[in-house]
>>> print(open('query-v2.cif').read())   # mmCIF, C-alpha atoms and all ligand atoms
data_upload
loop_
_atom_site.group_PDB
_atom_site.id
_atom_site.type_symbol
_atom_site.label_atom_id
_atom_site.label_comp_id
_atom_site.auth_asym_id
_atom_site.auth_seq_id
_atom_site.Cartn_x
_atom_site.Cartn_y
_atom_site.Cartn_z
ATOM 1 C CA LEU E 1 -0.075 -34.791 18.117
ATOM 2 C CA ASP E 2 0.584 -38.523 17.822
ATOM 3 C CA SER E 3 -2.992 -39.130 18.928
ATOM 4 C CA VAL E 4 -4.357 -37.349 15.889
ATOM 5 C CA GLU E 5 -5.358 -39.200 12.742
ATOM 6 C CA ASP E 6 -3.991 -37.755 9.506
ATOM 7 C CA LEU E 7 -7.502 -37.145 8.267
ATOM 8 C CA GLU E 8 -8.373 -35.207 11.375
ATOM 9 C CA MET E 9 -5.513 -32.830 10.640
ATOM 10 C CA ILE E 10 -7.038 -31.681 7.380
ATOM 11 C CA GLY E 11 -10.672 -31.684 8.454
ATOM 12 C CA PRO E 12 -13.467 -31.212 7.795
ATOM 13 C CA THR E 13 -14.707 -33.727 10.394
ATOM 14 C CA VAL E 14 -12.941 -31.904 13.175
ATOM 15 C CA ALA E 15 -12.671 -28.149 12.840
ATOM 16 C CA PRO E 16 -9.061 -26.899 13.251
ATOM 17 C CA THR E 17 -10.120 -24.846 16.252
ATOM 18 C CA ASP E 18 -11.737 -27.856 17.933
ATOM 19 C CA LEU E 19 -8.674 -29.940 17.257
ATOM 20 C CA LEU E 20 -6.467 -27.267 18.761
ATOM 21 C CA VAL E 21 -8.563 -27.077 21.901
ATOM 22 C CA ARG E 22 -8.754 -30.852 22.136
ATOM 23 C CA LEU E 23 -4.985 -31.240 21.933
ATOM 24 C CA PHE E 24 -3.837 -28.248 23.892
ATOM 25 C CA HIS E 25 -6.693 -27.472 26.274
ATOM 26 C CA GLU E 26 -4.256 -27.376 29.201
ATOM 27 C CA GLU E 27 -2.496 -24.477 27.509
ATOM 28 C CA GLN E 28 -5.755 -22.552 27.102
ATOM 29 C CA PRO E 29 -5.194 -21.855 23.418
ATOM 30 C CA ARG E 30 -6.743 -18.780 21.894
ATOM 31 C CA VAL E 31 -7.665 -18.300 18.264
ATOM 32 C CA TYR E 32 -7.686 -14.776 16.945
ATOM 33 C CA ASP E 33 -10.279 -13.536 14.492
ATOM 34 C CA ALA E 34 -9.328 -13.967 10.859
ATOM 35 C CA GLN E 35 -7.755 -10.871 9.352
ATOM 36 C CA PRO E 36 -8.195 -9.986 5.701
ATOM 37 C CA VAL E 37 -4.881 -10.147 3.892
ATOM 38 C CA LYS E 38 -4.048 -7.851 1.028
ATOM 39 C CA PHE E 39 -0.943 -7.065 -0.908
ATOM 40 C CA GLY E 40 0.604 -3.714 -0.297
ATOM 41 C CA CYS E 41 3.928 -1.945 -0.402
ATOM 42 C CA THR E 42 4.927 1.221 1.376
ATOM 43 C CA CYS E 43 7.538 2.279 -1.132
ATOM 44 C CA SER E 44 7.239 5.676 -2.791
ATOM 45 C CA GLU E 45 9.324 8.117 -4.763
ATOM 46 C CA ASP E 46 9.765 10.158 -1.597
ATOM 47 C CA ARG E 47 11.250 7.164 0.195
ATOM 48 C CA VAL E 48 13.619 6.469 -2.665
ATOM 49 C CA ARG E 49 14.717 10.100 -2.594
ATOM 50 C CA GLN E 50 15.126 9.878 1.151
ATOM 51 C CA SER E 51 17.342 6.804 0.918
ATOM 52 C CA LEU E 52 19.441 8.498 -1.774
ATOM 53 C CA SER E 53 19.775 11.673 0.269
ATOM 54 C CA ILE E 54 22.842 10.331 2.112
ATOM 55 C CA TYR E 55 24.906 10.142 -1.067
ATOM 56 C CA SER E 56 27.241 12.800 -2.420
ATOM 57 C CA VAL E 57 27.167 14.134 -5.967
ATOM 58 C CA LYS E 58 30.070 11.792 -6.753
ATOM 59 C CA ASP E 59 28.158 8.760 -5.507
ATOM 60 C CA ILE E 60 25.065 9.819 -7.406
ATOM 61 C CA GLN E 61 27.151 10.187 -10.549
ATOM 62 C CA LYS E 62 28.306 6.599 -10.135
ATOM 63 C CA MET E 63 24.687 5.470 -9.938
ATOM 64 C CA THR E 64 23.651 7.459 -12.981
ATOM 65 C CA THR E 65 22.888 5.360 -16.032
ATOM 66 C CA ASP E 66 24.137 6.010 -19.567
ATOM 67 C CA GLN E 67 20.746 7.559 -20.172
ATOM 68 C CA GLY E 68 21.502 10.116 -17.477
ATOM 69 C CA ARG E 69 19.011 8.831 -14.944
ATOM 70 C CA VAL E 70 19.157 7.366 -11.475
ATOM 71 C CA THR E 71 16.904 4.344 -11.316
ATOM 72 C CA ALA E 72 15.705 2.175 -8.468
ATOM 73 C CA ASP E 73 13.540 -0.933 -8.373
ATOM 74 C CA CYS E 74 11.571 -1.988 -5.338
ATOM 75 C CA GLN E 75 12.543 -5.581 -4.573
ATOM 76 C CA PHE E 76 9.206 -6.150 -2.903
ATOM 77 C CA CYS E 77 6.517 -4.854 -5.267
ATOM 78 C CA GLY E 78 8.602 -4.346 -8.401
ATOM 79 C CA ALA E 79 7.889 -0.630 -8.696
ATOM 80 C CA HIS E 80 10.380 1.184 -10.900
ATOM 81 C CA TYR E 81 11.662 4.640 -10.058
ATOM 82 C CA ASP E 82 13.405 6.804 -12.605
ATOM 83 C CA LEU E 83 14.865 10.026 -11.232
ATOM 84 C CA ASP E 84 16.826 13.018 -12.421
ATOM 85 C CA PRO E 85 20.276 12.760 -10.774
ATOM 86 C CA LYS E 86 20.267 16.531 -10.255
ATOM 87 C CA THR E 87 17.363 16.136 -7.874
ATOM 88 C CA VAL E 88 18.749 13.398 -5.612
ATOM 89 C CA GLY E 89 21.615 13.084 -3.125
ATOM 90 C CA LYS E 90 22.634 15.221 -0.191
ATOM 91 C CA ASP E 91 24.071 17.975 -2.367
ATOM 92 C CA ALA E 92 21.219 18.165 -4.855
ATOM 93 C CA PRO E 93 20.260 21.830 -5.294
ATOM 94 C CA GLU E 94 16.588 20.988 -5.384
ATOM 95 C CA VAL E 95 16.870 19.110 -2.104
ATOM 96 C CA ASN E 96 18.631 21.913 -0.270
ATOM 97 C CA GLY E 97 16.484 24.598 -1.842
ATOM 98 C CA GLY E 98 19.134 26.221 -3.978
HETATM 99 ZN ZN ZN J 1 7.410 -1.321 -3.466
#
>>> encode(input="query-v2.cif", output="structure tokens", more="lines below")
Ligand SMILES: [Zn+2]
Amino acid sequence: LDSVEDLEMIGPTVAPTDLLVRLFHEEQPRVYDAQPVKFGCTCSEDRVRQSLSIYSVKDIQKMTTDQGRVTADCQFCGAHYDLDPKTVGKDAPEVNGG
């Protein structure tokens, strides 16, 4: 890399791919096709319910807000989930079908 001029590093005289090949041709570098990048999150209410399904009624009660709800925020996409405590946790009647 010491043989590279600063300007060559940022192009556009030498394309990044050419520079790579020029510097590391002995390693037979490969450049993969560009992939489109898009924002996405796989969180969902079902997943929140699933992660809460290990907790007992007591635990769920501790998580219940003064407004009587169990809330969860996705730390990745910021989605906010607001659930009825009666419907979450391992002992929730609606989870166990009764
Ligand atoms: Zn999310």
>>> closest_residue(input="query-v2.cif", among="E:Ser44, E:Lys90, E:Val37, E:Asp84", to="Ser56 of chain E", atoms="only C-alpha atoms")
E:Lys90
>>> residues_near_ligand(input="query-v2.cif", ligand="ligand ZN 1 (chain J)", cutoff="12 Å", atoms="all atoms listed in the file", output="VMD selection string")
chain E and resid 39 to 48 72 to 81
>>> write_last_selection(input="query-v2.cif", atoms="C-alpha atoms", output="CSV table (one decimal), keeping the file's coordinate frame")
chain,number,residue,atom,x,y,z
E,39,PHE,CA,-0.9,-7.1,-0.9
E,40,GLY,CA,0.6,-3.7,-0.3
E,41,CYS,CA,3.9,-1.9,-0.4
E,42,THR,CA,4.9,1.2,1.4
E,43,CYS,CA,7.5,2.3,-1.1
E,44,SER,CA,7.2,5.7,-2.8
E,45,GLU,CA,9.3,8.1,-4.8
E,46,ASP,CA,9.8,10.2,-1.6
E,47,ARG,CA,11.2,7.2,0.2
E,48,VAL,CA,13.6,6.5,-2.7
E,72,ALA,CA,15.7,2.2,-8.5
E,73,ASP,CA,13.5,-0.9,-8.4
E,74,CYS,CA,11.6,-2.0,-5.3
E,75,GLN,CA,12.5,-5.6,-4.6
E,76,PHE,CA,9.2,-6.2,-2.9
E,77,CYS,CA,6.5,-4.9,-5.3
E,78,GLY,CA,8.6,-4.3,-8.4
E,79,ALA,CA,7.9,-0.6,-8.7
E,80,HIS,CA,10.4,1.2,-10.9
E,81,TYR,CA,11.7,4.6,-10.1
>>> closest_residue(input="query-v2.cif", among="E:Lys62, E:Gln35, E:Thr87, E:Leu23", to="Gln50 of chain E", atoms="only C-alpha atoms")
E:Thr87
>>> atom_distance(input="query-v2.cif", atom1="atom CA of Val21 of chain E", atom2="atom CA of Lys38 of chain E")
28.7 Å
>>> closest_residue(input="query-v2.cif", among="E:Ser53, E:Thr71, E:Asp59, E:Thr17", to="Val88 of chain E", atoms="all atoms listed in the file")
E:Ser53
>>> atom_distance(input="query-v2.cif", atom1="atom CA of Glu5 of chain E", atom2="atom CA of Asp33 of chain E")
26.2 Å
>>> atom_distance(input="query-v2.cif", atom1="atom CA of Pro36 of chain E", atom2="atom CA of Thr13 of chain E")
25.1 Å
>>> closest_residue(input="query-v2.cif", among="E:Asp18, E:Met63, E:Phe24, E:Pro85", to="Leu1 of chain E", atoms="all atoms listed in the file")
E:Phe24
>>> axis_aligned_box(input="query-v2.cif", around="segment 22-35 of chain E", padding_each_side="5 Å", output="lines of an AutoDock Vina configuration file")
center_x = -6.4
center_y = -21.1
center_z = 19.3
size_x = 17.8
size_y = 30.4
size_z = 29.8
>>> closest_residue(input="query-v2.cif", among="E:Arg49, E:Gln28, E:Val14, E:Ile54", to="Val70 of chain E", atoms="all atoms listed in the file")
E:Arg49
